[in-house]
file structure-v4.txt (compact mmCIF, C-alpha atoms)
# COMPACT_ATOMS: atom_id res chain seq x y z
CA MET A 322 4.00 14.84 9.23
CA LEU A 323 5.01 16.46 12.50
CA ALA A 324 5.67 19.79 10.79
CA CYS A 325 2.47 20.02 8.77
CA GLY A 326 0.46 21.69 11.53
CA ALA A 327 -2.69 19.56 11.09
CA ALA A 328 -4.08 17.40 13.88
CA GLU A 329 -5.04 14.56 11.51
CA VAL A 330 -2.97 13.64 8.47
CA ILE A 331 -3.04 11.23 5.53
CA TRP A 332 0.51 10.62 4.34
CA PHE A 333 0.70 8.91 0.95
CA ASP A 334 3.13 8.15 -1.87
CA ALA A 335 3.02 10.09 -5.13
CA ASP A 336 2.20 6.89 -7.07
CA LEU A 337 -0.93 6.14 -5.05
CA ILE A 338 -4.11 6.40 -7.13
CA PHE A 339 -7.20 7.30 -5.13
CA LEU A 340 -10.50 5.97 -6.46
CA GLU A 341 -12.46 7.50 -3.58
CA ASN A 342 -12.16 10.73 -1.63
CA PRO A 343 -9.16 10.21 0.70
CA LYS A 344 -10.95 11.83 3.64
CA GLY A 345 -13.09 8.67 3.82
CA LEU A 346 -10.06 6.97 5.39
CA PHE A 347 -10.82 8.91 8.58
CA ASP A 348 -14.15 7.02 8.80
CA ASN A 349 -12.54 3.63 9.42
CA GLN A 350 -13.59 2.09 12.72
CA GLU A 351 -10.02 0.93 13.32
CA TYR A 352 -8.79 4.51 13.00
CA ASP A 353 -11.43 5.73 15.46
CA GLU A 354 -10.19 3.25 18.04
CA THR A 355 -6.49 4.17 18.07
CA GLY A 356 -5.96 7.30 15.97
CA VAL A 357 -3.73 5.46 13.51
CA LEU A 358 -4.52 3.30 10.48
CA LEU A 359 -1.84 1.26 8.75
CA PHE A 360 -2.23 -0.98 5.69
CA HIS A 361 -1.02 -4.51 5.06
CA ASP A 362 1.85 -5.21 2.73
CA ARG A 363 1.90 -8.28 0.48
CA THR A 364 2.59 -11.57 2.21
CA ILE A 365 5.92 -12.01 0.45
CA SER A 366 9.51 -12.51 1.54
CA ILE A 367 11.27 -10.80 -1.35
CA GLY A 368 14.18 -8.52 -0.46
CA PRO A 369 15.31 -7.42 2.99
CA GLY A 370 12.75 -8.20 5.65
CA ILE A 371 12.34 -7.52 9.35
CA ASP A 372 15.13 -8.41 11.76
CA TRP A 373 12.91 -9.92 14.44
CA LYS A 374 15.77 -10.49 16.87
CA TRP A 375 16.42 -6.73 16.83
CA VAL A 376 12.69 -6.00 17.18
CA LYS A 377 12.30 -8.38 20.12
CA ASP A 378 15.33 -6.86 21.83
CA LEU A 379 13.51 -3.52 21.63
CA VAL A 380 9.90 -4.44 22.45
CA GLY A 381 10.05 -7.92 23.98
CA HIS A 382 7.23 -10.18 22.84
CA GLY A 383 5.18 -7.24 21.61
CA SER A 384 1.43 -6.85 21.48
CA ASP A 385 -0.99 -9.70 20.86
CA TYR A 386 -1.75 -8.25 17.44
CA LEU A 387 1.92 -8.15 16.49
CA GLN A 388 2.41 -11.75 17.60
CA SER A 389 -0.47 -12.91 15.41
CA SER A 390 0.70 -11.09 12.27
CA HIS A 391 1.92 -12.88 9.12
CA ALA A 392 5.34 -11.31 9.45
CA PHE A 393 5.86 -12.26 13.12
CA VAL A 394 5.04 -15.93 12.54
CA GLY A 395 7.35 -16.09 9.51
CA GLU A 396 4.75 -16.16 6.71
CA ALA A 397 5.86 -12.80 5.26
CA GLY A 398 8.96 -10.64 5.17
CA HIS A 399 7.04 -7.39 5.54
CA LEU A 400 4.14 -6.19 7.68
CA VAL A 401 3.14 -2.66 6.65
CA ASP A 402 2.88 -0.98 3.26
CA SER A 403 3.67 2.66 4.00
CA SER A 404 2.21 4.00 0.74
CA ALA A 405 -0.57 5.38 2.94
CA ILE A 406 -0.53 6.27 6.63
CA VAL A 407 -3.53 7.75 8.44
CA MET A 408 -2.51 9.43 11.70
CA HIS A 409 -4.11 11.54 14.41
CA ILE A 410 -0.90 13.33 15.29
CA SER A 411 -2.08 15.27 18.33
CA HIS A 412 -3.49 12.05 19.82
CA ASN A 413 -0.30 10.09 19.08
CA LEU A 414 2.33 12.80 19.47
CA PHE A 415 4.74 10.75 21.59
CA ALA A 416 4.51 7.81 19.20
CA MET A 417 5.27 10.15 16.29
CA LEU A 418 8.34 11.47 18.11
CA VAL A 419 9.58 7.89 18.66
CA ILE A 420 8.92 7.10 14.97
CA ALA A 421 10.88 10.20 13.96
CA HIS A 422 13.78 9.13 16.19
CA LEU A 423 13.78 5.64 14.65
CA ASN A 424 13.98 7.13 11.16
CA ILE A 425 16.95 9.37 11.93
CA ASP A 426 18.83 6.64 13.78
CA PRO A 427 21.38 5.36 11.20
CA ASP A 428 21.13 1.82 12.59
CA THR A 429 17.37 1.37 12.10
CA TYR A 430 17.46 0.66 8.36
CA ASN A 431 19.96 -2.13 8.96
CA HIS A 432 17.10 -4.06 10.55
CA VAL A 433 13.96 -3.00 8.65
CA TYR A 434 13.28 -2.10 5.03
CA GLY A 435 12.96 1.69 5.03
CA ASP A 436 10.45 3.60 7.12
CA LYS A 437 7.55 1.18 6.54
CA GLU A 438 7.99 -0.84 9.72
CA THR A 439 8.93 2.07 11.96
CA PHE A 440 5.32 3.27 12.30
CA TRP A 441 4.00 0.26 14.20
CA LEU A 442 7.35 -0.13 15.95
CA GLY A 443 7.02 3.36 17.48
CA PHE A 444 3.67 2.34 19.00
CA GLU A 445 5.04 -0.99 20.22
CA LEU A 446 7.92 0.74 21.99
CA LEU A 447 5.40 2.85 23.94
CA ASP A 448 3.04 -0.09 24.46
CA ARG A 449 0.29 1.90 22.73
CA PRO A 450 -2.45 0.26 20.65
CA TRP A 451 -2.32 0.68 16.87
CA SER A 452 -4.62 -0.40 14.08
CA MET A 453 -4.29 -2.14 10.75
CA ASN A 454 -6.87 -2.06 8.00
CA LYS A 455 -9.13 -5.10 8.48
CA TRP A 456 -8.75 -5.98 4.80
CA GLY A 457 -5.68 -7.71 3.45
CA MET A 458 -3.89 -6.16 0.49
CA SER A 459 -5.97 -6.66 -2.62
CA GLY A 460 -4.64 -7.88 -5.95
CA VAL A 461 -5.67 -5.73 -8.91
CA THR A 462 -5.93 -7.56 -12.24
CA PHE A 463 -5.19 -5.99 -15.62
CA LEU A 464 -5.76 -7.14 -19.17
CA GLN A 465 -3.09 -9.61 -20.18
CA ARG A 466 0.21 -8.13 -21.35
CA GLN A 467 2.99 -10.08 -23.05
CA ASP A 468 5.50 -9.09 -20.40
CA SER A 469 3.24 -9.89 -17.45
CA LYS A 470 4.98 -11.54 -14.53
CA CYS A 471 2.14 -13.97 -13.94
CA SER A 472 -1.29 -14.74 -15.29
CA VAL A 473 -4.56 -16.06 -13.97
CA GLN A 474 -7.94 -16.90 -15.46
CA PRO A 475 -10.36 -14.69 -13.54
CA GLN A 476 -14.06 -15.35 -13.31
CA LEU A 477 -14.78 -12.28 -15.42
CA GLY A 478 -13.85 -14.34 -18.46
CA ALA A 479 -11.00 -12.26 -19.94
CA GLN A 480 -7.43 -13.46 -19.62
CA ALA A 481 -5.79 -11.21 -17.07
CA SER A 482 -2.57 -10.76 -15.20
CA ILE A 483 -1.83 -9.50 -11.74
CA VAL A 484 0.90 -6.92 -12.13
CA PRO A 485 2.65 -5.25 -9.20
CA ALA A 486 -0.52 -3.26 -8.50
CA CYS A 487 -1.76 -3.48 -4.96
CA GLY A 488 -5.17 -2.35 -3.85
CA HIS A 489 -6.08 -1.04 -0.42
CA MET A 490 -9.65 -1.51 0.66
CA GLY A 491 -11.98 1.04 2.17
CA PRO A 492 -14.48 0.45 5.01
CA GLN A 493 -17.09 -0.97 2.60
CA GLY A 494 -14.76 -3.62 1.15
CA THR A 495 -14.14 -1.95 -2.21
CA VAL A 496 -10.78 -0.80 -3.54
CA GLN A 497 -10.25 2.75 -2.34
CA MET A 498 -6.73 3.24 -3.67
CA ILE A 499 -4.23 1.48 -5.95
CA HIS A 500 -0.51 1.62 -5.34
CA PHE A 501 1.57 1.35 -8.49
CA SER A 502 3.57 3.40 -10.94
CA MET A 503 2.04 3.83 -14.40
CA SER A 504 5.38 4.33 -16.14
CA LYS A 505 7.06 1.44 -14.33
CA ASP A 506 4.21 -1.07 -14.21
CA LEU A 507 2.22 -0.31 -17.37
CA GLY A 508 5.04 0.81 -19.60
CA PRO A 509 5.20 3.92 -21.80
CA ALA A 510 2.07 5.68 -23.02
CA PRO A 511 -0.27 5.06 -24.74
CA PHE A 512 -1.49 2.43 -22.28
CA THR A 513 -3.44 -0.59 -23.44
CA ALA A 514 -3.81 -2.20 -20.03
CA LEU A 515 -6.86 -1.32 -17.99
CA PRO A 516 -7.95 -2.72 -14.64
CA VAL A 517 -10.34 -5.64 -14.95
CA GLY A 518 -11.19 -6.30 -11.34
CA TYR A 519 -9.83 -6.95 -7.89
CA ILE A 520 -9.76 -9.59 -5.20
CA SER A 521 -11.00 -8.45 -1.80
CA THR A 522 -10.15 -10.75 1.07
CA THR A 523 -9.28 -10.38 4.73
CA ASP A 524 -6.36 -12.70 4.03
CA GLN A 525 -4.34 -13.60 0.95
CA HIS A 526 -1.13 -15.23 -0.19
CA TRP A 527 1.25 -13.58 -2.61
CA ASP A 528 3.95 -15.42 -4.52
CA GLY A 529 6.34 -12.66 -5.50
CA PHE A 530 4.33 -10.14 -7.50
CA CYS A 531 1.56 -12.66 -8.19
CA MET A 532 -1.41 -13.42 -6.00
CA GLN A 533 -2.30 -17.08 -5.58
CA PHE A 534 -6.02 -17.73 -5.15
CA GLU A 535 -8.64 -20.41 -5.63
CA ASP A 536 -12.41 -20.04 -5.51
CA VAL A 537 -12.12 -16.33 -4.74
CA GLU A 538 -14.53 -13.91 -6.34
CA LEU A 539 -12.99 -11.39 -8.69
CA LYS A 540 -14.98 -8.18 -8.30
CA GLU A 541 -15.47 -5.68 -11.07
CA PHE A 542 -14.54 -2.04 -10.74
CA SER A 543 -17.49 0.31 -10.83
CA ARG A 544 -18.01 2.59 -13.83
CA LYS A 545 -17.15 5.54 -11.58
CA HIS A 546 -13.82 3.98 -10.60
CA MET A 547 -13.01 3.15 -14.22
CA GLU A 548 -13.68 6.76 -15.22
CA ILE A 549 -11.37 8.00 -12.47
CA PHE A 550 -8.66 5.60 -13.60
CA GLN A 551 -9.05 6.81 -17.18
CA GLN A 552 -8.54 10.37 -15.94
CA TYR A 553 -5.27 9.33 -14.30
CA ILE A 554 -4.19 7.65 -17.56
CA SER A 555 -5.05 10.77 -19.59
CA LEU A 556 -3.12 12.99 -17.20
CA HIS A 557 -0.11 10.69 -17.18
CA THR A 558 -0.17 10.34 -20.98
CA HIS A 559 -0.17 14.13 -21.28
CA MET A 560 2.71 14.48 -18.82
CA ASP A 561 4.58 11.70 -20.64
CA SER A 562 4.23 13.53 -23.98
CA VAL A 563 5.30 16.86 -22.43
CA HIS A 564 8.38 15.19 -20.96
CA LEU A 565 9.22 13.57 -24.33
CA HIS A 566 8.79 16.89 -26.15
CA ARG A 567 11.08 18.66 -23.70
CA SER A 568 13.67 15.90 -23.98
CA ARG A 569 13.71 16.18 -27.78
CA HIS A 570 13.91 19.95 -27.55
CA MET A 571 16.95 19.68 -25.27
CA LEU A 572 18.60 17.30 -27.74
CA HIS A 573 18.16 19.84 -30.55
call {"tool": "encode", "arguments": {"input": "structure-v4.txt", "output": "structure tokens"}}
result
Amino acid sequence: MLACGAAEVIWFDADLIFLENPKGLFDNQEYDETGVLLFHDRTISIGPGIDWKWVKDLVGHGSDYLQSSHAFVGEAGHLVDSSAIVMHISHNLFAMLVIAHLNIDPDTYNHVYGDKETFWLGFELLDRPWSMNKWGMSGVTFLQRQDSKCSVQPQLGAQASIVPACGHMGPQGTVQMIHFSMSKDLGPAPFTALPVGYISTTDQHWDGFCMQFEDVELKEFSRKHMEIFQQYISLHTHMDSVHLHRSRHMLH
């Protein structure tokens, strides 16, 4: 991010599916206020979490926002999902340098799970304000699969399951991007699972890879978003078949 040369950057994982133009992320009010926009992770405690004793030794009590977070009060093992980071680098240059230092320090990953928590930690160390998306992480429901990890009965009527697909909301409260791997989470092509809808809340509770909810509206994806998702599926199916063809050719 520091080496890219741009003043404002969106850093995202290769398995992030955008349903809207990514540049819309720069229009978030939270981003305008601090020059950084981070996104919530699931409220789960699976795997290595945050070593809060180590964090408090570094930053003390931390900001009011940090103290009120799910992770700080022990309701989640993770705070930030780093599949997407929106950063005004020239405005937050010193914070970026601190973040870079944290990520090259061999001791850091003994206390946090990868780079995900180092972004807000860099701001906390400088006592600089930072922003999180006002929406909690959304659960994206798919048509029921036999190997689904959990299942719910959504209000759309069709039996559905929430797979490890996490949605991040845009300023208007609709899913702007989905974070999941088609090969890992939907299985080999051709895919039979399509997104049914999503849950948009400012708060949520996840139980492992499943979202627990009651009396929460399940919203439908727009036709435009479904068409975009189909394009991703078509592209991935094509790449899957090319990879399979090459593998067979190498075997011969």
call {"tool": "closest_residue", "arguments": {"input": "structure-v4.txt", "among": "A:Gly491, A:Gly398, A:Gly383, A:Pro450", "to": "A:Thr364", "atoms": "all atoms listed in the file"}}
result
A:Gly398
call {"tool": "residues_around", "arguments": {"input": "structure-v4.txt", "residues": "A:Gly488", "least_positions_apart": "2", "cutoff": "6 Å", "atoms": "all atoms listed in the file", "output": "ChimeraX atom specification"}}
result
/A:458-460,496,498-499
call {"tool": "residues_around", "arguments": {"input": "structure-v4.txt", "residues": "stretch 346-359 of chain A", "least_positions_apart": "2", "cutoff": "12 Å", "atoms": "only C-alpha atoms", "output": "number ranges by chain"}}
result
A: 328-333, 339-344, 361-362, 400-414, 416-417, 437-444, 449-458, 489-494, 496-498
call {"tool": "atom_distance", "arguments": {"input": "structure-v4.txt", "atom1": "atom CA of A:Val433", "atom2": "atom CA of A:Ser384"}}
result
18.3 Å
call {"tool": "atom_distance", "arguments": {"input": "structure-v4.txt", "atom1": "atom CA of A:Glu548", "atom2": "atom CA of A:Phe360"}}
result
25.1 Å
call {"tool": "atom_distance", "arguments": {"input": "structure-v4.txt", "atom1": "atom CA of A:Gln388", "atom2": "atom CA of A:His500"}}
result
26.7 Å
